[in-house]
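> Next comes the structure file final-v3.cif, holding mmCIF, C-alpha atoms and all ligand atoms.
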```cif
data_data
loop_
_atom_site.label_atom_id
_atom_site.label_comp_id
_atom_site.auth_asym_id
_atom_site.auth_seq_id
_atom_site.Cartn_x
_atom_site.Cartn_y
_atom_site.Cartn_z
CA MET T 28 7.05 -2.30 25.01
CA LEU T 29 7.43 -2.07 28.79
CA ILE T 30 4.20 -2.58 30.74
CA LYS T 31 4.21 -1.61 34.39
CA PRO T 32 1.63 -2.83 36.91
CA HIS T 33 -1.14 -0.33 37.46
CA GLN T 34 -3.49 0.40 40.34
CA GLN T 35 -6.69 1.81 38.88
CA LEU T 36 -8.55 2.43 35.62
CA ARG T 37 -11.23 5.10 35.72
CA GLY T 38 -13.27 7.09 33.25
CA SER T 39 -15.37 6.49 30.18
CA LEU T 40 -14.36 5.36 26.71
CA SER T 41 -15.71 4.52 23.26
CA ILE T 42 -14.22 1.38 21.83
CA PRO T 43 -13.57 0.89 18.08
CA SER T 44 -16.28 -0.22 15.69
CA ASP T 45 -17.20 -3.83 15.09
CA LYS T 46 -14.77 -5.61 12.79
CA SER T 47 -17.21 -8.24 11.50
CA ILE T 48 -19.89 -5.65 10.69
CA SER T 49 -17.38 -3.26 9.07
CA HIS T 50 -16.12 -6.00 6.71
CA ARG T 51 -19.63 -7.00 5.70
CA SER T 52 -20.79 -3.43 5.11
CA VAL T 53 -18.09 -2.90 2.46
CA MET T 54 -18.67 -6.31 0.86
CA PHE T 55 -22.47 -6.04 0.62
CA GLY T 56 -22.25 -2.35 -0.34
CA SER T 57 -19.99 -3.33 -3.25
CA LEU T 58 -22.54 -5.93 -4.43
CA ALA T 59 -25.54 -3.58 -4.10
CA LYS T 60 -26.47 -1.20 -6.92
CA GLY T 61 -25.87 2.39 -5.80
CA GLU T 62 -24.12 4.18 -2.95
CA THR T 63 -23.81 2.60 0.50
CA ILE T 64 -22.70 4.96 3.26
CA ILE T 65 -21.00 3.45 6.30
CA HIS T 66 -20.63 5.60 9.42
CA ASN T 67 -18.27 4.70 12.24
CA PHE T 68 -16.29 2.25 10.09
CA LEU T 69 -13.37 0.42 11.76
CA MET T 70 -10.14 1.76 10.24
CA GLY T 71 -8.16 -1.28 11.40
CA ASP T 72 -5.78 -3.15 9.09
CA ASP T 73 -8.17 -6.09 8.49
CA CYS T 74 -11.07 -3.92 7.31
CA LEU T 75 -8.70 -1.79 5.23
CA SER T 76 -7.64 -5.04 3.52
CA THR T 77 -11.29 -5.61 2.54
CA ILE T 78 -11.52 -2.09 1.09
CA HIS T 79 -8.26 -2.62 -0.81
CA VAL T 80 -9.49 -5.91 -2.30
CA PHE T 81 -12.83 -4.44 -3.47
CA ARG T 82 -10.98 -1.55 -5.10
CA GLN T 83 -8.95 -4.16 -7.01
CA LEU T 84 -12.30 -5.63 -8.08
CA GLY T 85 -13.26 -2.30 -9.65
CA ILE T 86 -15.36 -0.72 -6.87
CA SER T 87 -14.90 2.97 -6.07
CA ILE T 88 -14.58 3.39 -2.27
CA THR T 89 -13.78 6.71 -0.61
CA LEU T 90 -12.97 7.42 3.03
CA GLU T 91 -13.73 10.62 4.94
CA LYS T 92 -12.68 10.42 8.60
CA ASP T 93 -14.59 7.36 9.84
CA THR T 94 -17.21 7.37 7.05
CA VAL T 95 -16.89 5.15 3.99
CA TYR T 96 -18.70 5.69 0.68
CA VAL T 97 -19.03 2.57 -1.48
CA LYS T 98 -20.27 2.93 -5.08
CA GLY T 99 -21.74 -0.53 -5.54
CA LYS T 100 -22.12 -1.87 -9.06
CA GLY T 101 -24.59 -4.69 -8.40
CA LEU T 102 -24.22 -8.44 -7.93
CA HIS T 103 -22.59 -8.81 -11.37
CA GLY T 104 -20.64 -5.55 -11.41
CA LEU T 105 -17.24 -6.66 -10.10
CA SER T 106 -14.39 -6.71 -12.61
CA ALA T 107 -11.50 -9.15 -13.02
CA PRO T 108 -8.55 -8.16 -10.80
CA LEU T 109 -5.19 -7.59 -12.48
CA ALA T 110 -3.21 -9.18 -9.63
CA PRO T 111 -3.73 -11.62 -6.71
CA LEU T 112 -6.01 -10.18 -4.02
CA ASP T 113 -3.98 -9.58 -0.85
CA CYS T 114 -6.22 -10.05 2.21
CA GLY T 115 -3.40 -9.32 4.68
CA ASN T 116 -4.11 -11.00 8.05
CA SER T 117 -7.88 -11.19 7.55
CA GLY T 118 -9.56 -14.61 7.56
CA THR T 119 -12.97 -12.95 7.20
CA THR T 120 -11.86 -11.26 3.95
CA VAL T 121 -10.52 -14.49 2.38
CA ARG T 122 -13.36 -16.76 3.40
CA LEU T 123 -16.29 -14.45 2.59
CA LEU T 124 -14.65 -13.39 -0.68
CA SER T 125 -14.16 -17.02 -1.73
CA GLY T 126 -17.96 -17.42 -1.79
CA ILE T 127 -18.52 -14.22 -3.79
CA LEU T 128 -15.69 -14.86 -6.28
CA SER T 129 -16.80 -18.46 -6.97
CA ALA T 130 -19.85 -17.02 -8.73
CA GLN T 131 -18.16 -14.37 -10.89
CA SER T 132 -17.50 -14.56 -14.63
CA PHE T 133 -13.71 -14.23 -14.13
CA SER T 134 -10.92 -15.99 -12.30
CA SER T 135 -9.09 -14.61 -9.26
CA THR T 136 -6.55 -15.51 -6.59
CA LEU T 137 -6.91 -14.82 -2.85
CA THR T 138 -3.86 -14.68 -0.64
CA GLY T 139 -2.50 -12.93 2.44
CA ASP T 140 0.28 -12.78 5.03
CA ALA T 141 2.21 -15.73 6.54
CA SER T 142 -0.53 -16.39 9.13
CA ILE T 143 -3.32 -16.42 6.50
CA GLN T 144 -1.31 -18.89 4.43
CA LYS T 145 -1.42 -21.34 7.36
CA ARG T 146 -5.14 -21.03 8.14
CA PRO T 147 -7.49 -23.83 7.06
CA MET T 148 -9.38 -23.17 3.82
CA ALA T 149 -10.73 -26.70 3.19
CA ARG T 150 -13.70 -25.62 5.33
CA VAL T 151 -14.80 -23.27 2.52
CA ILE T 152 -13.39 -25.25 -0.44
CA THR T 153 -15.44 -28.36 0.42
CA PRO T 154 -18.93 -26.72 0.43
CA LEU T 155 -18.10 -24.46 -2.52
CA ARG T 156 -17.10 -27.51 -4.59
CA GLN T 157 -20.41 -29.10 -3.63
CA MET T 158 -22.03 -26.00 -5.15
CA LYS T 159 -20.00 -26.81 -8.33
CA ALA T 160 -17.42 -24.06 -7.86
CA THR T 161 -13.93 -24.57 -9.31
CA LEU T 162 -11.17 -23.83 -6.80
CA SER T 163 -7.60 -24.93 -6.21
CA ALA T 164 -5.37 -24.23 -3.22
CA LYS T 165 -1.88 -24.95 -1.93
CA GLU T 166 -2.00 -28.59 -0.74
CA ASP T 167 -5.73 -28.31 -1.47
CA ARG T 168 -6.28 -26.46 1.82
CA PHE T 169 -4.17 -23.31 2.16
CA CYS T 170 -3.92 -19.88 0.51
CA PRO T 171 -3.17 -18.86 -2.20
CA LEU T 172 -6.65 -19.89 -3.26
CA HIS T 173 -7.30 -19.82 -7.01
CA ILE T 174 -10.93 -19.50 -8.07
CA GLU T 175 -12.41 -19.99 -11.56
CA GLY T 176 -15.75 -18.22 -11.27
CA GLY T 177 -18.83 -19.85 -12.77
CA HIS T 178 -22.35 -21.22 -12.37
CA LEU T 179 -23.31 -22.39 -8.84
CA GLU T 180 -26.01 -24.75 -7.58
CA GLY T 181 -27.83 -24.49 -4.23
CA ILE T 182 -27.00 -27.09 -1.57
CA HIS T 183 -27.87 -28.00 2.01
CA TYR T 184 -24.55 -27.97 3.83
CA VAL T 185 -24.26 -29.46 7.32
CA SER T 186 -21.16 -27.76 8.65
CA PRO T 187 -18.91 -29.65 11.06
CA VAL T 188 -17.89 -26.32 12.70
CA ALA T 189 -19.84 -23.39 14.10
CA SER T 190 -18.12 -20.74 11.99
CA ALA T 191 -19.65 -17.48 10.78
CA GLN T 192 -16.96 -17.23 8.12
CA VAL T 193 -17.92 -20.62 6.66
CA LYS T 194 -21.65 -19.91 6.96
CA SER T 195 -21.26 -16.46 5.37
CA CYS T 196 -19.12 -17.79 2.51
CA ILE T 197 -21.82 -20.32 1.59
CA LEU T 198 -24.69 -17.82 1.97
CA LEU T 199 -22.91 -15.30 -0.26
CA ALA T 200 -22.31 -17.98 -2.91
CA GLY T 201 -25.99 -18.88 -2.42
CA LEU T 202 -27.04 -15.38 -3.54
CA TYR T 203 -25.87 -16.43 -7.03
CA ALA T 204 -26.95 -20.10 -7.02
CA SER T 205 -29.68 -21.57 -9.21
CA SER T 206 -31.73 -22.77 -6.20
CA PRO T 207 -31.95 -21.99 -2.43
CA THR T 208 -28.96 -22.78 -0.22
CA THR T 209 -29.13 -23.88 3.42
CA VAL T 210 -26.36 -24.04 6.03
CA THR T 211 -26.86 -25.99 9.25
CA GLU T 212 -24.33 -25.43 12.04
CA PRO T 213 -23.71 -27.46 15.21
CA PHE T 214 -24.32 -24.23 17.22
CA ILE T 215 -25.35 -20.77 16.05
CA SER T 216 -22.40 -18.57 15.10
CA ARG T 217 -22.52 -14.76 14.81
CA ASP T 218 -25.40 -13.70 12.57
CA HIS T 219 -24.30 -10.32 11.18
CA THR T 220 -24.39 -11.65 7.61
CA GLU T 221 -28.01 -12.76 7.94
CA ARG T 222 -29.09 -9.46 9.52
CA MET T 223 -27.27 -7.26 7.05
CA LEU T 224 -28.15 -9.24 3.90
CA GLU T 225 -31.81 -8.92 4.88
CA ALA T 226 -31.36 -5.14 5.24
CA PHE T 227 -29.83 -5.09 1.72
CA GLY T 228 -32.94 -6.89 0.40
CA ALA T 229 -31.93 -10.58 0.28
CA LYS T 230 -34.41 -13.26 1.37
CA VAL T 231 -33.02 -15.07 4.41
CA THR T 232 -34.93 -17.53 6.61
CA ARG T 233 -33.74 -19.11 9.85
CA LEU T 234 -34.87 -22.24 11.62
CA GLY T 235 -32.96 -23.47 14.68
CA THR T 236 -29.30 -23.65 13.73
CA SER T 237 -30.10 -23.51 9.98
CA VAL T 238 -30.14 -20.52 7.65
CA THR T 239 -31.50 -20.53 4.10
CA ILE T 240 -30.83 -17.94 1.43
CA SER T 241 -32.80 -17.62 -1.81
CA PRO T 242 -31.11 -16.78 -5.11
CA CYS T 243 -31.12 -13.00 -5.44
CA GLU T 244 -31.67 -10.63 -8.40
CA GLU T 245 -30.41 -7.44 -6.79
CA LEU T 246 -29.17 -5.97 -3.49
CA TYR T 247 -30.17 -2.41 -2.54
CA PRO T 248 -27.74 0.09 -0.96
CA CYS T 249 -28.02 1.02 2.73
CA GLU T 250 -26.85 3.67 5.18
CA ILE T 251 -25.15 1.87 8.08
CA THR T 252 -23.85 2.94 11.47
CA VAL T 253 -21.44 0.33 12.82
CA PRO T 254 -21.72 -0.29 16.58
CA GLY T 255 -18.70 -0.71 18.88
CA ASP T 256 -17.05 -4.13 18.92
CA ILE T 257 -17.76 -6.25 22.01
CA SER T 258 -14.59 -8.20 21.18
CA SER T 259 -12.60 -4.99 21.71
CA ALA T 260 -14.70 -3.94 24.72
CA ALA T 261 -13.81 -7.30 26.32
CA PHE T 262 -10.24 -6.14 27.08
CA PHE T 263 -11.56 -3.15 29.04
CA MET T 264 -14.32 -5.21 30.68
CA VAL T 265 -11.75 -7.62 32.09
CA ALA T 266 -9.30 -4.79 32.90
CA GLY T 267 -12.02 -2.94 34.84
CA LEU T 268 -12.97 -6.08 36.78
CA ILE T 269 -9.48 -7.23 37.82
CA THR T 270 -7.60 -3.91 38.27
CA PRO T 271 -8.07 -2.60 41.84
CA ASN T 272 -10.16 0.59 42.37
CA SER T 273 -11.46 0.68 38.82
CA ASP T 274 -14.70 2.14 37.50
CA LEU T 275 -15.09 2.27 33.70
CA THR T 276 -17.98 3.18 31.48
CA ILE T 277 -17.66 1.62 28.02
CA ARG T 278 -19.97 3.33 25.54
CA ASN T 279 -21.69 1.98 22.42
CA VAL T 280 -21.01 -1.76 22.80
CA GLY T 281 -22.73 -4.16 20.39
CA ILE T 282 -24.51 -6.91 22.34
CA ASN T 283 -25.92 -9.06 19.54
CA PRO T 284 -27.09 -12.33 21.23
CA THR T 285 -24.65 -14.33 19.06
CA ARG T 286 -21.73 -12.19 20.35
CA ARG T 287 -22.48 -11.38 23.98
CA GLY T 288 -21.12 -14.57 25.57
CA ILE T 289 -18.26 -12.67 27.20
CA LEU T 290 -20.69 -10.35 28.99
CA ASP T 291 -22.85 -13.22 30.27
CA VAL T 292 -19.84 -15.27 31.41
CA LEU T 293 -18.19 -12.33 33.22
CA LEU T 294 -21.54 -11.67 34.97
CA GLU T 295 -21.70 -15.38 35.92
CA MET T 296 -18.14 -15.10 37.30
CA GLY T 297 -19.42 -12.42 39.69
CA GLY T 298 -18.44 -9.34 37.66
CA ASP T 299 -20.04 -6.04 38.66
CA ILE T 300 -21.19 -4.97 35.18
CA LYS T 301 -24.27 -2.81 34.66
CA ILE T 302 -25.96 -2.82 31.25
CA LEU T 303 -27.17 0.74 30.54
CA ASN T 304 -29.07 2.51 27.73
CA GLU T 305 -29.98 -0.59 25.72
CA ARG T 306 -30.98 0.44 22.18
CA LEU T 307 -31.02 -0.75 18.54
CA VAL T 308 -28.52 0.71 16.05
CA CYS T 309 -29.10 -0.38 12.43
CA GLY T 310 -30.78 -3.59 13.56
CA GLU T 311 -28.04 -4.49 16.07
CA PRO T 312 -28.60 -4.27 19.86
CA VAL T 313 -26.20 -1.81 21.54
CA CYS T 314 -25.66 -0.61 25.14
CA ASP T 315 -23.23 1.12 27.47
CA LEU T 316 -21.48 -0.93 30.15
CA ARG T 317 -20.38 0.23 33.60
CA VAL T 318 -17.67 -2.06 34.96
CA ARG T 319 -16.25 -1.96 38.50
CA THR T 320 -13.55 -3.94 40.29
CA SER T 321 -14.99 -7.28 41.44
CA SER T 322 -13.98 -10.54 43.05
CA LEU T 323 -14.49 -13.17 40.39
CA HIS T 324 -14.92 -16.92 40.67
CA GLY T 325 -14.18 -19.70 38.16
CA VAL T 326 -16.79 -21.17 35.79
CA THR T 327 -17.19 -23.85 33.11
CA ILE T 328 -17.59 -22.61 29.52
CA GLU T 329 -18.56 -25.07 26.81
CA GLY T 330 -20.89 -26.06 23.94
CA ALA T 331 -23.17 -23.41 22.44
CA THR T 332 -21.54 -20.64 24.50
CA ILE T 333 -18.16 -21.08 22.78
CA PRO T 334 -19.05 -19.50 19.38
CA THR T 335 -20.57 -16.50 21.22
CA LEU T 336 -17.20 -15.63 22.80
CA ILE T 337 -14.62 -17.42 20.65
CA ASP T 338 -12.49 -14.28 20.08
CA GLU T 339 -12.65 -13.28 23.76
CA ILE T 340 -11.10 -16.47 25.17
CA PRO T 341 -7.55 -15.03 25.44
CA VAL T 342 -8.77 -12.23 27.72
CA LEU T 343 -11.23 -14.53 29.48
CA ALA T 344 -8.25 -16.73 30.37
CA VAL T 345 -6.64 -13.66 31.95
CA ALA T 346 -9.82 -13.04 33.99
CA ALA T 347 -9.75 -16.71 35.05
CA CYS T 348 -6.20 -16.29 36.42
CA PHE T 349 -7.57 -13.59 38.76
CA ALA T 350 -10.73 -15.55 39.72
CA LYS T 351 -11.12 -17.79 42.74
CA GLY T 352 -11.17 -21.49 41.84
CA LYS T 353 -11.09 -23.39 38.59
CA THR T 354 -12.20 -22.23 35.13
CA LEU T 355 -12.77 -24.94 32.53
CA ILE T 356 -12.93 -24.04 28.84
CA LYS T 357 -14.07 -26.96 26.64
CA ASP T 358 -15.24 -27.52 23.02
CA ALA T 359 -12.97 -24.71 21.83
CA SER T 360 -10.60 -26.51 19.42
CA GLU T 361 -11.32 -23.66 16.93
CA LEU T 362 -8.83 -21.67 19.04
CA ARG T 363 -6.07 -23.73 17.44
CA VAL T 364 -6.76 -22.25 13.97
CA LYS T 365 -7.15 -18.55 14.76
CA GLU T 366 -4.47 -15.89 14.03
CA CYS T 367 -2.19 -18.26 15.96
CA ASP T 368 -2.78 -21.46 17.95
CA ARG T 369 -4.36 -19.59 20.86
CA ILE T 370 -4.44 -22.65 23.15
CA VAL T 371 -0.64 -22.92 22.89
CA ALA T 372 -0.16 -19.14 23.07
CA ILE T 373 -2.37 -18.62 26.16
CA HIS T 374 -0.85 -21.60 27.94
CA THR T 375 2.75 -20.61 27.17
CA GLU T 376 2.52 -16.90 27.96
CA LEU T 377 0.32 -17.03 31.08
CA SER T 378 2.46 -19.90 32.45
CA LYS T 379 5.55 -17.67 32.01
CA MET T 380 3.84 -15.17 34.33
CA GLY T 381 3.26 -17.88 36.96
CA GLY T 382 -0.37 -18.65 36.03
CA ALA T 383 -1.65 -22.17 36.71
CA VAL T 384 -2.83 -22.89 33.17
CA LEU T 385 -3.19 -26.32 31.55
CA ALA T 386 -3.75 -26.78 27.82
CA THR T 387 -6.13 -29.54 26.68
CA GLU T 388 -6.93 -30.73 23.14
CA ASP T 389 -9.99 -28.46 22.92
CA GLY T 390 -9.50 -25.85 25.61
CA LEU T 391 -7.87 -24.80 28.86
CA ILE T 392 -8.04 -25.50 32.59
CA ILE T 393 -7.09 -22.51 34.73
CA GLU T 394 -6.69 -22.56 38.50
CA GLY T 395 -7.17 -18.93 39.48
CA GLY T 396 -5.97 -16.90 42.43
CA LYS T 397 -2.18 -17.24 42.05
CA PRO T 398 -0.62 -13.78 41.57
CA LEU T 399 0.98 -13.26 38.14
CA HIS T 400 4.49 -11.82 37.90
CA GLY T 401 6.05 -9.86 35.02
CA ALA T 402 7.75 -11.68 32.11
CA THR T 403 8.92 -11.21 28.54
CA LEU T 404 5.77 -11.94 26.53
CA GLU T 405 5.32 -12.96 22.88
CA THR T 406 2.28 -11.81 20.92
CA TYR T 407 2.60 -14.33 18.02
CA HIS T 408 1.62 -11.39 15.71
CA ASP T 409 -1.90 -11.95 17.10
CA HIS T 410 -3.77 -8.74 18.02
CA ARG T 411 -5.98 -10.40 20.61
CA MET T 412 -3.04 -12.11 22.32
CA ALA T 413 -1.22 -8.74 22.47
CA MET T 414 -4.16 -7.00 24.15
CA ALA T 415 -5.03 -9.86 26.52
CA LEU T 416 -1.41 -10.10 27.70
CA THR T 417 -1.30 -6.33 28.24
CA ILE T 418 -4.26 -6.59 30.64
CA ALA T 419 -2.52 -9.46 32.46
CA ALA T 420 0.74 -7.46 32.65
CA LEU T 421 -1.05 -4.39 34.09
CA ASN T 422 -2.11 -6.59 36.99
CA ALA T 423 1.16 -8.47 37.53
CA THR T 424 3.41 -7.93 40.56
CA SER T 425 6.36 -6.72 38.43
CA PRO T 426 6.86 -5.11 34.96
CA SER T 427 6.63 -7.09 31.70
CA GLN T 428 8.16 -6.68 28.28
CA LEU T 429 5.62 -7.17 25.44
CA LEU T 430 7.20 -8.06 22.08
CA GLY T 431 5.52 -7.20 18.74
CA GLU T 432 2.70 -5.09 20.18
CA GLU T 433 2.10 -3.23 16.86
CA CYS T 434 -0.27 -6.04 15.71
CA VAL T 435 -3.08 -4.37 17.73
CA ARG T 436 -3.54 -2.28 14.55
CA ILE T 437 -5.51 -5.20 13.09
CA SER T 438 -8.62 -4.48 15.17
CA PHE T 439 -7.83 -1.77 17.76
CA PRO T 440 -5.38 0.86 16.45
CA ASN T 441 -5.67 3.18 19.51
CA PHE T 442 -5.64 0.45 22.21
CA PHE T 443 -2.51 1.65 24.04
CA GLU T 444 -3.48 5.35 23.83
CA LEU T 445 -6.93 4.62 25.30
CA LEU T 446 -5.43 2.54 28.09
CA ALA T 447 -2.97 5.34 28.92
CA GLU T 448 -5.85 7.88 29.09
CA LEU T 449 -7.71 5.77 31.65
CA SER T 450 -4.68 4.95 33.80
C1 LIG T 501 -15.66 -13.74 12.21
C2 LIG T 501 -15.95 -15.01 12.63
C3 LIG T 501 -15.14 -15.75 13.61
C4 LIG T 501 -14.20 -14.84 14.38
C5 LIG T 501 -13.51 -13.86 13.49
C6 LIG T 501 -14.51 -12.99 12.76
C7 LIG T 501 -16.54 -13.12 11.20
O1 LIG T 501 -14.35 -16.71 12.93
O2 LIG T 501 -13.27 -15.61 15.09
O3 LIG T 501 -12.65 -13.02 14.25
O4 LIG T 501 -16.46 -11.87 11.03
O5 LIG T 501 -17.32 -13.82 10.59
P1 LIG T 501 -14.94 -18.18 12.56
O6 LIG T 501 -16.02 -17.98 11.60
O7 LIG T 501 -13.78 -18.90 11.94
O8 LIG T 501 -15.37 -18.78 13.85
#
```
The structure given in the file should be rewritten as C-alpha cells.

Amino acid sequence: MLIKPHQQLRGSLSIPSDKSISHRSVMFGSLAKGETIIHNFLMGDDCLSTIHVFRQLGISITLEKDTVYVKGKGLHGLSAPLAPLDCGNSGTTVRLLSGILSAQSFSSTLTGDASIQKRPMARVITPLRQMKATLSAKEDRFCPLHIEGGHLEGIHYVSPVASAQVKSCILLAGLYASSPTTVTEPFISRDHTERMLEAFGAKVTRLGTSVTISPCEELYPCEITVPGDISSAAFFMVAGLITPNSDLTIRNVGINPTRRGILDVLLEMGGDIKILNERLVCGEPVCDLRVRTSSLHGVTIEGATIPTLIDEIPVLAVAACFAKGKTLIKDASELRVKECDRIVAIHTELSKMGGAVLATEDGLIIEGGKPLHGATLETYHDHRMAMALTIAALNATSPSQLLGEECVRISFPNFFELLAELS
C-alpha cells in the first residue's frame, strides 16, 4: 500500500471497541448460566477467534451487527471439542483459555498461527502445573498446548512478569480450584478480568499488586457495552499531535487507570489533549478526547508505567521521533514477545525512515526531531506495527510503501477507511 505524506487530519471519529474487554465478555458469558448480551463488540479477527473457539466448545453464539448473544451453559457446561482449538493470532485467547480448560472434565488442544506458535507459553504452564493441572506443549513452552482437564488446587503465584494474560489465566483456573488463588505481579497489569468477573458474580479481592479469587459455584449472565479501545485510539492521538494543522475528536475512549498510560505520557510530552465527557460505561471509565497539533518533547518511560501502555509503544516511538530531545523507554522487554519482536521491528523500520532509534535489551532510545523520509516498510504481520508505521509514513517527507497492511484486521478492521475520511 502506498502512503503519501499528509498535511492535516480533522474531524471526529469513533474508534473500534476494546479488544481485551470483547474477548473476556464472550469467555465469561460462555461460563455464566443464561444469556449474556454484548453490545458494541469488536468484530476484529482476534475476538472472532474467541467466538469460534467457544462455539467448538459447544456454546451457541449469535451475531447481529455489532451485538453478540452468548447462551452460557455454566461453569461446567462446556463440551469436549472434536478438533484442536485454533486461536489464530490471539495470545489472549490461548492464555485465558488454558486456565479455563485446565479445569474441565475433558482434554483439549490449543493452537494458532505461526506467530502464536512462537509465543512463550511457559508463563502459563508453570503456574497451572503448580495448581496440579496436566499440560504438555511443544518443547514444553510453545503451542500446540495439550491440556488434560482435571481437579485444581488454589495457589499463591508470584509472577515474574506484569501480564494480564498470565494473571487472568490463573484467576480463571482459580474459579474452579478447591481453595482461594492469589496472583501477585511486579506491577499492576490491566484489570478488566477482575472488574468483569466481579460483575458476573465472582468474589475477587485486591491488595496492592495482588488479586485473590475465591472458588466459585456459578457465574450470572450480564448485559455489557464494550467501550472504545484506547490502544486503537492511540494511533489517532499520535496522528493528531504530530500531523500539522490537525484537530481530532476521538469519541468513546476507555480510560481505565491500568490502560491510560499512553494518554498520561502524551500529556507529559506536551500534547494538547483535552479529556471531555468523562463517564462510566459498564464499570469502565470512558471519555472523549480532543487532540490538536502540538510540539512534543522527549520523556523517560519505565517501571509501573510500562504495563499501562505496553501495546502503545510502537506508536509512542513514532511520537518520540517527532518530539524534541531524547525519549528513553526502559523495563519493556515484554515487547520482544508480542505479535513480533517489537524492539527489533520498531528499531529496523523507523531507522529505515531516517529516525535516530537505538534498540536496547529492554527498550529503546530515540533522539527526536530528525525528519523521517519515506521507505519500504515491513509490518511483520503485526497489526500495531502496521498502524504505527502508517502514522509515521503520513508525516514523512516522501511516500512510503507499506507491505502486508491487511493485518490491521486483527484489532482495527476499518483503520485505513477512517484515516481516509479524516484526511
Ligand atoms: C492483553 C494483555 C497484554 C496485551 C495484549 C492483551 C489482555 O498482554 O499486550 O494485547 O487482553 O489481557 P500481556 O498480558 O502478555 O502483557
> Counting all atoms listed in the file, which of T:Arg411, T:Arg82, T:His173, T:Lys145 gets nearest to ligand LIG 501 (chain T)?
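Under the stated criterion, the closest residue is T:Arg411.
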> Point out the residue among T:Ile240, T:Glu175, T:Pro248, T:Ser438 with the least atom-to-atom distance to Gly61 (chain T), counting all atoms listed in the file.
T:Pro248
> Between T:Ser190, T:Ser76, T:Ser132, T:Ser57, single out the one closest to ligand LIG 501 (chain T), counting all atoms listed in the file.
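Smallest distance to ligand LIG 501 (chain T) is found for T:Ser190.
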> Separation of CA of Asp274 (chain T) and CA of Val318 (chain T), in Å?
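Between these atoms lies a distance of 5.7 Å.
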> Measuring atom to atom with only C-alpha atoms, identify which of T:Leu69, T:Leu198, T:Ala107, T:Leu385 is nearest to Lys92 (chain T).
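Among T:Leu69, T:Leu198, T:Ala107, T:Leu385, it is T:Leu69 that comes nearest to Lys92 (chain T).
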> Determine the nearest neighbour of Ile302 (chain T) from the options T:Cys196, T:Cys367, T:Leu355, T:Leu290, counting all atoms listed in the file.
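Closest to Ile302 (chain T), using all atoms listed in the file: T:Leu290.
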> How far is it from CA of Ala261 (chain T) to CA of Ser273 (chain T), in Å with one decimal?
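Between CA of Ala261 (chain T) and CA of Ser273 (chain T) the gap is 15.0 Å.
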> For CA of Gly104 (chain T) and CA of Tyr247 (chain T), determine how far apart the two atoms are, in Å to one decimal place.
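According to the coordinates, CA of Gly104 (chain T) and CA of Tyr247 (chain T) are separated by 13.4 Å.
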> Using all atoms listed in the file, find the one residue out of T:Ser195, T:Ser129, T:Ser427, T:Gln157 that sits nearest to Ser47 (chain T).
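Ranking T:Ser195, T:Ser129, T:Ser427, T:Gln157 by distance to Ser47 (chain T), first place goes to T:Ser195.
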